[in-house]
Amino acid sequence: MAIEPSIFKAYDVRGKVGSELTQEAAERIGAALAQWLPGAGAIAVGRDMRPDSSELAEALISGVLAQGRNVIDIGLVTSDMIYFAVGSLGLAGGAMITASHNPGEYNGIKLCREEAQPIGEESGLLAIRDLCMSDALPPSDVPGKRTVQDVTDDWITHVLSFITPKTLQPLKIAVDAGNGMAGKIFPELELHVPFEVSQLYFELDGSFPNHIANPLEPKNLVAIQQVIAKEKLDAGVAFDGDGDRAVLLDETGEPLSGTVMTAILAEYFLQQQPGATVLYNAICGKAAVDAIEQAGGKGVRTRVGHSFIKADMRQHGALFAGEHSGHYYFKDNWMADSGLIAAIIGLSILSSSGKTLSALAAPYRQAYSQLTETNFEVDDKQAVLDKLAETYKDYELDWLDGLTVYFDGGWLNVRPSNTEPLLRLNIEAKHVALRDEHLERVRGIIRA
């Protein structure tokens, strides 16, 4: 069976439906996952609302069952719920059919093993790819059994365990589900919190008729910002397509960056467990690092990407981890990320603070000026990185994730994309002029 090998990315499977990611490929991936997983037991399978997700899920389930593995079908869920199902039910692994915030013609598969451990290119995904492309997947004499199970109520109980619900004060908020899976799950949370919610785009629609469900793109926040302003709300929450990322917006409509949220959430957890270890990725801003240190925590810098962060959390026994991209990871959630957990903690902090969200965020926003991640298309990524390293050879450098340069009053990071001919630039400095000075310098080197 011919399978397009390019659908196997750094962290997941992803491709155009029909031409790249087919039902035959999904069935083959299900069979390979069932054979590859080291632990005995069932596999959880969930899916998002895209038009073809149901068919791809059925195909993947068929592949798993043919290998003699049982399947727990948890239906339409957010991606963080597949991690919860695998962890809480003690399963061998899980598969989520989703392409997150990618356009509607795409779909994908996120995979994990026992205890919600990620399966990426360095942790088994390439082995699964090779199995898919081999003849080593004969069917079992005894097929597995499929059980349908709704984990929603247990998931909401788990989410609420991260706060003290009885202490919540009323808030008026807007929530933009982007026609994604948060539109199905957030209403279940609403039943347990004293929030008046203005719902935007809660109808499940994988064609994304209103805007792409990517809350990091400013154009996708215009609608929720208008509602916050018109209704004079306390805050807003914008989710991505599969619900594992959430961006909070303050009462002025200004989004809280991943750095600001990491700082706020780190302080929240360090108040509960002083001295604990908190991870932040290589492009998180200095405000998050400072917050961890000032709260008495031990900060550990890690590579960008969920598979690296989850592994590092286990290695360091970390309590919490934050990424500048808006992914937040929790020790008590099997080291997995969750948009809903991050959102409810953020709203809980706001409700009990007696302050506005902009006032809570101000100390972290004002400390440094950070450039929005900027991409440059290049033919030879390593050659450009080497040229940058030579130019900045008199500065402190590290190669944890691409090239990071530390200069007086700030830092910059240039790292290669795993899937595209791109270099991604992040810069932060105490002053805008200093930030822009290094931006122009790097831009000149890259384009030379």
# chains A, B, ... in the order shown; residues from 1 in each chain; ligands from 1
$ residues_around --residues "region 348-364 of chain A" --least-positions-apart "4" --cutoff "7 Å" --atoms "only C-alpha atoms" --output "ChimeraX atom specification"
/A:163,168-171,250-251,260,287,344
$ write_last_selection --atoms "N, CA and C atoms" --output "short mmCIF file (atom, residue, chain, number, x, y, z; two decimals), in the first residue's frame"
data_model
loop_
_atom_site.label_atom_id
_atom_site.label_comp_id
_atom_site.auth_asym_id
_atom_site.auth_seq_id
_atom_site.Cartn_x
_atom_site.Cartn_y
_atom_site.Cartn_z
N ILE A 163 -8.52 24.43 40.36
CA ILE A 163 -8.92 25.66 41.05
C ILE A 163 -9.81 25.29 42.23
N LEU A 168 -14.88 31.19 43.25
CA LEU A 168 -14.98 32.01 42.05
C LEU A 168 -15.98 33.13 42.21
N GLN A 169 -15.61 34.31 41.74
CA GLN A 169 -16.50 35.46 41.72
C GLN A 169 -17.05 35.64 40.30
N PRO A 170 -18.23 36.25 40.18
CA PRO A 170 -18.84 36.41 38.84
C PRO A 170 -17.95 37.22 37.91
N LEU A 171 -17.91 36.79 36.66
CA LEU A 171 -17.22 37.51 35.60
C LEU A 171 -18.10 37.56 34.36
N ASP A 250 -7.57 40.71 27.72
CA ASP A 250 -7.99 41.54 28.84
C ASP A 250 -9.20 42.38 28.48
N GLU A 251 -9.64 43.23 29.41
CA GLU A 251 -10.87 44.00 29.22
C GLU A 251 -10.75 45.06 28.12
N VAL A 260 3.51 36.15 29.04
CA VAL A 260 2.76 36.73 30.16
C VAL A 260 1.96 35.64 30.87
N ALA A 287 10.37 38.02 31.05
CA ALA A 287 9.39 38.26 32.11
C ALA A 287 8.97 36.95 32.77
N ILE A 344 -9.19 28.25 32.65
CA ILE A 344 -9.94 28.32 33.90
C ILE A 344 -9.05 28.80 35.05
#
$ residues_around --residues "Arg443 (chain A)" --least-positions-apart "4" --cutoff "12 Å" --atoms "only C-alpha atoms" --output "number ranges by chain"
A: 374-378, 384, 388, 414, 423-427, 436-439, 447-448
$ residues_around --residues "region 181-190 of chain A" --least-positions-apart "5" --cutoff "7 Å" --atoms "only C-alpha atoms" --output "short mmCIF file (atom, residue, chain, number, x, y, z; two decimals) with N, CA and C atoms, in the first residue's frame"
data_model
loop_
_atom_site.label_atom_id
_atom_site.label_comp_id
_atom_site.auth_asym_id
_atom_site.auth_seq_id
_atom_site.Cartn_x
_atom_site.Cartn_y
_atom_site.Cartn_z
N ASP A 48 -11.97 15.45 15.89
CA ASP A 48 -12.54 16.79 15.91
C ASP A 48 -13.70 16.87 14.93
N MET A 49 -14.13 18.12 14.62
CA MET A 49 -15.38 18.34 13.90
C MET A 49 -15.20 18.46 12.38
N VAL A 77 -14.12 15.26 20.65
CA VAL A 77 -13.45 15.77 21.85
C VAL A 77 -12.39 16.80 21.46
N THR A 78 -11.89 17.52 22.44
CA THR A 78 -10.71 18.35 22.26
C THR A 78 -9.47 17.47 22.40
N ILE A 156 -14.35 17.43 32.86
CA ILE A 156 -14.70 18.71 33.49
C ILE A 156 -14.37 18.67 34.98
N PHE A 202 -19.66 28.94 18.35
CA PHE A 202 -19.67 27.66 19.06
C PHE A 202 -20.21 26.53 18.18
N GLU A 203 -20.74 26.84 17.00
CA GLU A 203 -21.24 25.80 16.10
C GLU A 203 -20.05 25.04 15.51
N LEU A 204 -20.08 23.71 15.61
CA LEU A 204 -18.98 22.91 15.07
C LEU A 204 -19.02 22.94 13.55
N PHE A 239 -10.02 30.08 21.60
CA PHE A 239 -9.45 28.73 21.49
C PHE A 239 -9.01 28.45 20.06
N GLY A 241 -8.50 25.31 17.03
CA GLY A 241 -9.47 24.38 16.48
C GLY A 241 -9.70 23.13 17.30
N ASP A 242 -8.62 22.58 17.86
CA ASP A 242 -8.79 21.33 18.63
C ASP A 242 -8.79 21.58 20.13
N GLY A 243 -8.80 22.84 20.55
CA GLY A 243 -9.04 23.18 21.94
C GLY A 243 -7.88 23.01 22.89
#
$ residues_around --residues "region 145-149 of chain A" --least-positions-apart "2" --cutoff "10 Å" --atoms "only C-alpha atoms" --output "list in words"
Ala42, Ile43, Ala44, Val45, Ile61, Ser62, Val64, Leu65, Ala66, Gly68, Arg69, Asn70, Val71, Ile72, Asp73, Ile74, Gly75, Ala85, Val142, Pro143, Val151 and Thr152 of chain A
$ residues_around --residues "region 206-223 of chain A" --least-positions-apart "6" --cutoff "12 Å" --atoms "only C-alpha atoms" --output "PyMOL selection string"
chain A and resi 47-54+98-107+174-183+198-200+229-230+236-249+253-258+324-327+339+372-373
$ residues_around --residues "Tyr268 (chain A)" --least-positions-apart "2" --cutoff "12 Å" --atoms "only C-alpha atoms" --output "PyMOL selection string"
chain A and resi 162-163+261-266+270-274+276+278+291-292+295-297+319-320+342+345-350+353
$ atom_distance --atom1 "CA of Ala136 (chain A)" --atom2 "CA of Val86 (chain A)"
26.0 Å
$ select_by_dssp --residues "region 28-270 of chain A" --states "alpha helix (DSSP H)" --output "number ranges by chain"
A: 28-36, 53-66, 79-89, 125-132, 152-160, 182-190, 222-231, 258-270
$ closest_residue --among "A:Cys132, A:Leu233, A:Leu191, A:Ile228" --to "Glu4 (chain A)" --atoms "only C-alpha atoms"
A:Cys132
$ closest_residue --among "A:Thr259, A:Thr22, A:Asn418, A:Ser88" --to "Leu371 (chain A)" --atoms "only C-alpha atoms"
A:Thr259
$ select_by_dssp --residues "region 223-443 of chain A" --states "strand (DSSP E)" --output "ChimeraX atom specification"
/A:235-239,246-249,277-281,298-302,320-322,328-330,336-337,369-370,374-377,396-398,403-407,410-416,422-429
$ atom_distance --atom1 "CA of Pro416 (chain A)" --atom2 "CA of Gln370 (chain A)"
19.2 Å
$ atom_distance --atom1 "CA of Ser140 (chain A)" --atom2 "CA of Ala31 (chain A)"
10.3 Å
$ closest_residue --among "A:Tyr83, A:Phe308, A:Tyr280, A:Tyr395" --to "Asp408 (chain A)" --atoms "only C-alpha atoms"
A:Tyr395
$ closest_residue --among "A:Leu400, A:Gly120, A:Thr391, A:Asp12" --to "Arg441 (chain A)" --atoms "only C-alpha atoms"
A:Thr391
